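Enquirer: Below is the file work_7.txt, which contains compact mmCIF, C-alpha atoms.
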# COMPACT_ATOMS: atom_id res chain seq x y z
CA MET A 1 17.66 -11.29 16.80
CA GLY A 2 18.29 -14.76 15.46
CA LEU A 3 19.66 -18.03 16.69
CA LYS A 4 22.91 -19.62 15.62
CA LYS A 5 22.95 -23.40 15.32
CA PHE A 6 26.00 -25.63 15.11
CA ARG A 7 27.01 -28.72 13.20
CA PRO A 8 26.64 -31.79 15.46
CA LEU A 9 30.34 -32.63 15.48
CA THR A 10 30.37 -33.02 19.28
CA PRO A 11 27.68 -34.00 21.81
CA ALA A 12 27.64 -30.42 23.11
CA ASN A 13 26.96 -28.99 19.65
CA ARG A 14 24.20 -31.43 18.74
CA PHE A 15 21.33 -29.42 20.22
CA LYS A 16 23.11 -26.13 20.85
CA ALA A 17 21.26 -22.99 19.75
CA LEU A 18 22.77 -19.69 20.86
CA PRO A 19 21.89 -16.06 20.06
CA ASP A 20 23.84 -14.57 17.17
CA PHE A 21 23.99 -11.09 18.80
CA ALA A 22 23.44 -9.49 15.38
CA GLU A 23 21.55 -6.59 16.94
CA ILE A 24 24.41 -5.65 19.29
CA THR A 25 26.15 -2.47 18.12
CA LYS A 26 28.39 -1.70 21.12
CA THR A 27 30.44 -4.25 23.03
CA ARG A 28 31.81 -2.10 25.86
CA PRO A 29 29.26 -0.83 28.42
CA GLU A 30 29.02 2.78 29.57
CA LYS A 31 31.29 3.03 32.61
CA LYS A 32 29.24 5.70 34.34
CA LEU A 33 26.17 3.46 34.20
CA LEU A 34 27.82 0.45 35.83
CA GLN A 35 27.59 -0.72 39.41
CA PRO A 36 29.50 -3.51 41.18
CA LYS A 37 27.54 -6.72 41.57
CA ARG A 38 28.43 -8.89 44.53
CA ARG A 39 27.74 -12.60 44.47
CA SER A 40 25.93 -14.25 47.38
CA GLY A 41 26.16 -17.90 46.32
CA GLY A 42 22.52 -18.24 47.38
CA ARG A 43 23.39 -17.50 51.02
CA ASN A 44 21.80 -15.00 53.39
CA ASN A 45 23.49 -12.74 55.95
CA ASN A 46 23.93 -15.73 58.28
CA GLY A 47 25.82 -17.70 55.65
CA ARG A 48 23.04 -20.24 55.22
CA ILE A 49 21.87 -21.37 51.80
CA THR A 50 18.41 -19.93 51.19
CA THR A 51 18.35 -20.39 47.40
CA ARG A 52 19.78 -23.59 46.03
CA HIS A 53 21.73 -24.17 42.80
CA ILE A 54 23.48 -20.78 42.79
CA GLY A 55 27.24 -20.31 42.76
CA GLY A 56 30.27 -19.53 40.63
CA GLY A 57 29.84 -17.95 37.24
CA HIS A 58 31.53 -15.19 35.33
CA LYS A 59 32.05 -11.79 36.94
CA GLN A 60 29.36 -9.27 36.06
CA ASN A 61 28.61 -5.60 36.53
CA TYR A 62 25.08 -4.33 37.00
CA ARG A 63 23.76 -1.92 34.36
CA LEU A 64 21.73 0.96 35.81
CA VAL A 65 18.58 0.75 33.70
CA ASP A 66 16.16 3.68 33.88
CA PHE A 67 12.83 2.04 34.69
CA LYS A 68 11.21 5.28 35.90
CA ARG A 69 11.68 7.39 32.73
CA LYS A 70 11.20 10.63 34.68
CA LYS A 71 13.52 12.79 32.59
CA GLN A 72 11.70 14.98 30.08
CA GLY A 73 12.86 15.77 26.56
CA ALA A 74 13.85 13.83 23.47
CA ALA A 75 16.70 11.34 23.44
CA THR A 76 18.48 9.49 20.63
CA VAL A 77 19.36 5.80 20.67
CA ILE A 78 23.10 5.56 20.13
CA ALA A 79 23.68 1.83 20.78
CA ILE A 80 22.05 -1.53 21.48
CA GLU A 81 23.97 -3.49 24.12
CA TYR A 82 24.03 -6.88 25.79
CA ASP A 83 23.07 -7.04 29.47
CA PRO A 84 24.18 -10.15 31.39
CA ASN A 85 21.67 -9.43 34.16
CA ARG A 86 18.51 -9.79 32.06
CA THR A 87 17.17 -11.75 29.11
CA CYS A 88 16.44 -8.75 26.87
CA ARG A 89 18.79 -6.24 25.28
CA ILE A 90 19.22 -2.69 26.51
CA ALA A 91 19.43 0.54 24.54
CA LEU A 92 21.84 3.35 25.35
CA ILE A 93 20.14 6.70 24.84
CA GLU A 94 21.53 10.24 24.91
CA TYR A 95 19.33 13.23 25.71
CA THR A 96 19.54 16.05 23.20
CA ALA A 97 19.44 18.90 25.73
CA ASP A 98 22.30 18.04 28.11
CA LYS A 99 23.93 14.96 26.50
CA GLU A 100 23.13 12.83 29.55
CA ARG A 101 23.12 9.09 28.86
CA ALA A 102 20.89 6.36 30.24
CA TYR A 103 19.92 2.74 29.64
CA ILE A 104 16.40 1.63 28.77
CA LEU A 105 14.95 -1.73 27.77
CA ALA A 106 15.18 -2.28 24.01
CA PRO A 107 11.78 -3.12 22.45
CA ILE A 108 11.22 -4.63 19.03
CA GLY A 109 11.76 -2.08 16.27
CA LEU A 110 13.97 0.29 18.24
CA GLY A 111 17.26 0.80 16.42
CA VAL A 112 20.25 3.10 16.48
CA GLY A 113 19.28 6.64 15.48
CA ALA A 114 15.68 6.38 16.71
CA THR A 115 14.25 9.11 18.92
CA VAL A 116 12.46 8.35 22.18
CA ALA A 117 10.78 10.55 24.77
CA ALA A 118 8.90 10.26 28.05
CA GLY A 119 6.18 12.22 29.79
CA LYS A 120 2.75 13.65 29.09
CA GLY A 121 1.85 14.67 25.56
CA VAL A 122 4.43 12.53 23.72
CA GLU A 123 3.45 10.42 20.74
CA PRO A 124 2.63 6.74 21.45
CA ASN A 125 5.57 5.45 19.40
CA VAL A 126 7.83 2.48 20.13
CA GLY A 127 10.15 3.23 23.04
CA ASN A 128 8.20 6.24 24.31
CA ALA A 129 6.96 6.22 27.92
CA LEU A 130 3.72 7.98 28.83
CA PRO A 131 0.82 7.65 31.30
CA LEU A 132 -1.78 4.95 30.71
CA SER A 133 -4.43 7.66 30.39
CA GLU A 134 -2.87 8.85 27.10
CA ILE A 135 -2.18 5.49 25.44
CA PRO A 136 -4.63 4.21 22.78
CA LEU A 137 -6.58 1.08 23.68
CA GLY A 138 -5.22 -2.18 22.31
CA THR A 139 -1.58 -1.02 22.42
CA SER A 140 1.20 -3.45 23.34
CA LEU A 141 3.10 -2.24 26.39
CA HIS A 142 6.08 -3.16 28.52
CA ASN A 143 7.83 -1.81 31.64
CA VAL A 144 4.48 -0.93 33.25
CA GLU A 145 4.36 0.71 36.66
CA LEU A 146 2.22 -0.73 39.45
CA GLN A 147 2.39 2.47 41.49
CA PRO A 148 2.90 5.98 40.07
CA GLY A 149 6.54 7.03 40.16
CA ARG A 150 7.85 3.71 41.42
CA GLY A 151 9.23 2.59 38.07
CA GLY A 152 8.21 -0.17 35.69
CA GLN A 153 7.76 -3.62 37.21
CA MET A 154 5.60 -5.57 34.76
CA ALA A 155 6.64 -7.04 31.39
CA ARG A 156 10.40 -6.51 31.49
CA SER A 157 11.78 -9.87 30.29
CA ALA A 158 12.59 -10.89 26.72
CA GLY A 159 9.53 -11.01 24.46
CA ALA A 160 7.15 -9.81 27.19
CA GLN A 161 4.20 -7.57 26.48
CA VAL A 162 0.87 -6.64 28.04
CA ILE A 163 -2.20 -5.22 26.30
CA LEU A 164 -4.14 -2.13 27.34
CA ASN A 165 -7.70 -3.48 27.19
CA ASN A 166 -9.88 -0.74 28.61
CA ARG A 167 -10.18 2.16 31.05
CA GLU A 168 -12.73 2.38 33.86
CA GLY A 169 -12.65 5.57 35.84
CA ASP A 170 -9.24 6.08 37.40
CA TYR A 171 -7.97 2.63 36.44
CA ALA A 172 -6.79 0.99 33.26
CA LEU A 173 -7.38 -2.71 32.59
CA ILE A 174 -4.19 -4.49 31.61
CA LYS A 175 -4.25 -7.99 30.13
CA MET A 176 -1.23 -10.02 31.20
CA PRO A 177 0.42 -12.76 29.09
CA SER A 178 -1.17 -15.35 31.42
CA GLY A 179 -4.66 -14.08 30.62
CA GLU A 180 -5.02 -12.29 33.95
CA ILE A 181 -6.68 -8.87 33.78
CA ARG A 182 -5.31 -6.38 36.28
CA ARG A 183 -6.30 -2.87 37.25
CA VAL A 184 -3.55 -0.23 37.19
CA HIS A 185 -4.01 3.46 37.95
CA VAL A 186 -4.10 5.62 34.82
CA THR A 187 -1.32 7.90 36.12
CA CYS A 188 1.15 5.00 36.00
CA LYS A 189 3.63 5.09 33.13
CA ALA A 190 4.17 2.40 30.53
CA THR A 191 6.47 2.08 27.54
CA ILE A 192 5.12 1.40 24.06
CA GLY A 193 6.09 -1.84 22.31
CA GLN A 194 7.06 -5.43 23.00
CA VAL A 195 10.36 -6.26 24.66
CA GLY A 196 12.93 -7.48 22.14
CA ASN A 197 15.03 -10.66 21.98
CA VAL A 198 11.92 -12.79 21.45
CA GLU A 199 13.97 -15.85 20.44
CA HIS A 200 15.46 -16.13 23.93
CA MET A 201 12.94 -18.84 24.81
CA ASN A 202 14.44 -21.08 22.10
CA VAL A 203 18.05 -20.81 23.32
CA SER A 204 19.61 -24.17 24.16
CA SER A 205 22.94 -24.12 25.97
CA GLY A 206 23.94 -27.54 24.71
CA LYS A 207 26.23 -28.26 27.65
CA ALA A 208 26.32 -27.93 31.41
CA GLY A 209 29.40 -25.69 31.30
CA ARG A 210 27.48 -22.75 29.86
CA SER A 211 25.06 -22.92 32.78
CA ARG A 212 28.03 -22.80 35.16
CA TRP A 213 29.29 -19.65 33.40
CA GLN A 214 25.91 -18.11 34.22
CA GLY A 215 26.17 -19.03 37.89
CA VAL A 216 23.78 -22.01 37.82
CA ARG A 217 24.91 -25.07 39.73
CA PRO A 218 23.67 -28.65 39.14
CA THR A 219 20.25 -29.82 40.30
CA VAL A 220 19.84 -33.30 41.78
CA ARG A 221 16.45 -35.06 41.70
CA GLY A 222 14.88 -35.74 45.07
CA MET A 223 14.03 -39.31 44.07
CA VAL A 224 17.71 -40.28 43.95
CA MET A 225 18.47 -38.81 47.39
CA ASN A 226 18.37 -40.55 50.74
CA PRO A 227 15.30 -40.24 53.00
CA VAL A 228 17.25 -37.96 55.34
CA ASP A 229 17.80 -35.47 52.49
CA HIS A 230 14.42 -35.48 50.74
CA PRO A 231 10.87 -36.72 51.39
CA MET A 232 10.88 -38.50 48.01
CA GLY A 233 14.20 -40.23 48.62
CA GLY A 234 15.00 -43.79 49.64
CA GLY A 235 13.73 -47.15 48.47
CA GLN A 236 15.40 -50.10 46.82
CA GLY A 237 16.15 -49.04 43.28
CA LYS A 238 13.92 -46.61 41.42
CA SER A 239 10.82 -46.03 43.51
CA LYS A 240 8.23 -43.36 44.08
CA GLY A 241 9.36 -42.16 47.48
CA GLY A 242 10.73 -44.90 49.70
CA GLY A 243 9.03 -47.81 48.00
CA GLY A 244 5.50 -46.41 48.16
CA ARG A 245 3.58 -43.84 46.13
CA HIS A 246 4.58 -40.32 47.21
CA HIS A 247 3.26 -37.01 45.94
CA PRO A 248 5.93 -34.76 44.38
CA MET A 249 7.11 -32.19 46.88
CA SER A 250 10.01 -29.97 47.81
CA PRO A 251 12.76 -30.95 50.28
CA TRP A 252 10.74 -29.14 52.98
CA GLY A 253 7.47 -30.94 52.29
CA GLN A 254 5.78 -28.32 50.09
CA LEU A 255 3.55 -30.01 47.51
CA ALA A 256 4.84 -29.37 44.00
CA LYS A 257 1.75 -30.00 41.86
CA GLY A 258 -1.69 -28.47 42.26
CA PHE A 259 -1.09 -26.84 45.64
CA LYS A 260 -1.87 -23.11 45.58
CA THR A 261 0.87 -21.07 47.22
CA ARG A 262 -0.68 -17.59 46.93
CA ARG A 263 -2.09 -16.20 50.18
CA LYS A 264 -5.90 -16.14 50.37
CA HIS A 265 -6.11 -12.51 51.50
CA LYS A 266 -3.47 -10.47 49.74
CA PRO A 267 -3.71 -6.65 49.46
CA SER A 268 -3.21 -6.74 45.69
CA ASP A 269 -6.25 -8.99 45.18
CA ARG A 270 -8.46 -5.93 44.74
CA PHE A 271 -6.49 -4.99 41.61
CA ILE A 272 -6.99 -8.39 39.93
CA LEU A 273 -10.20 -8.25 37.92
CA GLN A 274 -9.88 -11.69 36.32
CA ARG A 275 -7.58 -14.52 37.35
CA LYS A 276 -5.35 -16.30 34.88
CA ASN A 277 -6.87 -19.33 33.13
CA ALA A 278 -10.31 -18.07 34.18
CA THR A 279 -11.80 -19.08 30.82
CA LYS A 280 -10.86 -22.71 31.40
CA LYS A 281 -12.46 -22.84 34.84
CA GLY A 282 -15.41 -20.64 33.93
CA VAL A 283 -14.84 -18.21 36.80
CA MET A 284 -14.00 -14.54 36.96
Since I need it in another form, could you write the structure as structure tokens?
Expert:
Amino acid sequence: MGLKKFRPLTPANRFKALPDFAEITKTRPEKKLLQPKRRSGGRNNNGRITTRHIGGGHKQNYRLVDFKRKKQGAATVIAIEYDPNRTCRIALIEYTADKERAYILAPIGLGVGATVAAGKGVEPNVGNALPLSEIPLGTSLHNVELQPGRGGQMARSAGAQVILNNREGDYALIKMPSGEIRRVHVTCKATIGQVGNVEHMNVSSGKAGRSRWQGVRPTVRGMVMNPVDHPMGGGQGKSKGGGGRHHPMSPWGQLAKGFKTRRKHKPSDRFILQRKNATKKGVM
């Protein structure tokens, strides 16, 4: 996947960098693997806005991606497709035995004609899903389960990967991109390889209109609001929160910098062996 840049003939094209979609081989999705996707506009069942800056956008259908990889047998990749619901590409596979089709996440190096499989005893090749107990140490993984049979939940976005560091008893030690080391049961499945579309992080829309196509509405800084709308608002001219120094915070008073929002006693703490950025702080 590469990026396509434009001649700066207009202000919108000056910094625009969009994906070239060179890896896409099929433009129409598989109808049987589609599901209607309703838009909420950021509102809950009471009609109140619970998530700001959401609304509008192009109509989309949800692609039913197989995160569990429970079906046994070999399958052939017949197409690489675009998915508007995620940052990575998806691969359409067809099982050899019964010709059933499914979507999986497309890792780097998986092309049309490749063969993938899932289950115990399969080779640790790119695109294959197998238990952590059978994967060689040091392998790059994606779509990793947190609980056996629940389906992959970790490392699913574009360019994401985790590393299988070690195994201790019934648990495997997974190193996250943040540096955090997490324990995952060895019966959990993971898929070999790094998620594709690595250049997604360098995409620049170039104009506000493209964000609106994606359902993202404008964001207004709290500093330019009135005091009734935001704690940092008010003041004569440009000021740091009503004329005096004010710590950055959300509209509801939640501190935005340095304040830890994770609960002190969370059930998943026992699976975290080393916190992220532990090397900087010198703690485990």
Enquirer: Name all residues at most 9 Å from range 231-234 of chain A (count all atoms listed in the file; drop same-chain ones fewer than 3 positions away) and give them as a compact mmCIF listing (two decimals) with C-alpha atoms, keeping the file's coordinate frame.
Expert:
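After the write, result.txt holds the following:
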# COMPACT_ATOMS: atom_id res chain seq x y z
CA ARG A 221 16.45 -35.06 41.70
CA GLY A 222 14.88 -35.74 45.07
CA MET A 223 14.03 -39.31 44.07
CA VAL A 224 17.71 -40.28 43.95
CA MET A 225 18.47 -38.81 47.39
CA ASN A 226 18.37 -40.55 50.74
CA PRO A 227 15.30 -40.24 53.00
CA VAL A 228 17.25 -37.96 55.34
CA GLY A 237 16.15 -49.04 43.28
CA LYS A 238 13.92 -46.61 41.42
CA SER A 239 10.82 -46.03 43.51
CA LYS A 240 8.23 -43.36 44.08
CA GLY A 241 9.36 -42.16 47.48
CA GLY A 242 10.73 -44.90 49.70
CA GLY A 243 9.03 -47.81 48.00
CA HIS A 246 4.58 -40.32 47.21
CA HIS A 247 3.26 -37.01 45.94
CA PRO A 248 5.93 -34.76 44.38
CA MET A 249 7.11 -32.19 46.88
CA SER A 250 10.01 -29.97 47.81
CA PRO A 251 12.76 -30.95 50.28
CA TRP A 252 10.74 -29.14 52.98
CA GLY A 253 7.47 -30.94 52.29
Enquirer: Using all atoms listed in the file, tabulate the residues of range 27-119 of chain A lying at most 12 Å from any atom of range 185-192 of chain A, each with its closest atom pair and that distance in Å to one decimal, by chain and increasing residue number, as a Markdown table.
Expert:
| residue | atom | partner | partner_atom | distance |
| --- | --- | --- | --- | --- |
| A:Asp66 | CA | A:Thr191 | CA | 11.7 |
| A:Phe67 | CA | A:Thr191 | CA | 9.6 |
| A:Lys68 | CA | A:Lys189 | CA | 8.1 |
| A:Arg69 | CA | A:Lys189 | CA | 8.4 |
| A:Lys70 | CA | A:Lys189 | CA | 9.5 |
| A:Ile104 | CA | A:Thr191 | CA | 10.0 |
| A:Leu105 | CA | A:Thr191 | CA | 9.3 |
| A:Ala106 | CA | A:Thr191 | CA | 10.4 |
| A:Pro107 | CA | A:Ile192 | CA | 8.2 |
| A:Ile108 | CA | A:Ile192 | CA | 9.9 |
| A:Gly109 | CA | A:Ile192 | CA | 10.8 |
| A:Leu110 | CA | A:Ile192 | CA | 10.7 |
| A:Val116 | CA | A:Thr191 | CA | 10.2 |
| A:Ala117 | CA | A:Thr191 | CA | 9.9 |
| A:Ala118 | CA | A:Thr191 | CA | 8.5 |
| A:Gly119 | CA | A:Lys189 | CA | 8.3 |
Enquirer: Using only C-alpha atoms, which residue out of A:Ala102, A:Leu255, A:Met201, A:Val216 lies closest to Leu18 in chain A?
Expert: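 Of A:Ala102, A:Leu255, A:Met201, A:Val216, the one nearest Leu18 in chain A is A:Met201, counting only C-alpha atoms.
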Enquirer: CA of Ile181 in chain A and CA of Met154 in chain A are how many Å apart?
Expert: 12.8 Å
Enquirer: Counting only C-alpha atoms, I want the residues whose atoms come within 9 Å of (23.7, -28.0, 25.0) in the file frame, returned as JSON, numbers by chain.
Expert: {"A": [11, 12, 13, 14, 15, 16, 17, 204, 205, 206, 207, 208, 209, 210]}
Enquirer: Give me, please, the distance in Å between CA of Arg156 in chain A and CA of Gln194 in chain A, quoted to one decimal.
Expert: 9.2 Å
Enquirer: Just checking: using all atoms listed in the file, which residue out of A:Asn197, A:Thr139, A:Gln35, A:Gln236 ends up closest to Ile80 in chain A?
Expert: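 Smallest distance to Ile80 in chain A is found for A:Asn197.
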Enquirer: By how many Å are CA of Leu3 in chain A and CA of Asn202 in chain A apart?
Expert: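 These atoms are spaced 8.1 Å apart.
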Enquirer: At most 9 Å from (26.4, -9.4, 30.6), file frame, only C-alpha atoms: which residues, as a list in words?
Expert: Lys59, Gln60, Asn61, Tyr62, Arg63, Tyr82, Asp83, Pro84, Asn85 and Arg86 of chain A
Enquirer: Skip range 41-50 of chain A itself and residues of its chain fewer than 4 positions away, then list as number ranges by chain all residues within 10 Å of it, counting all atoms listed in the file.
Expert: A: 54-57, 215-217
Enquirer: With all atoms listed in the file as the basis for distance, which of A:Gly196, A:Gly149, A:Pro8, A:Gly258 is at the shortest distance from Gly111 in chain A?
Expert: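 Result for the nearest residue to Gly111 in chain A: A:Gly196.
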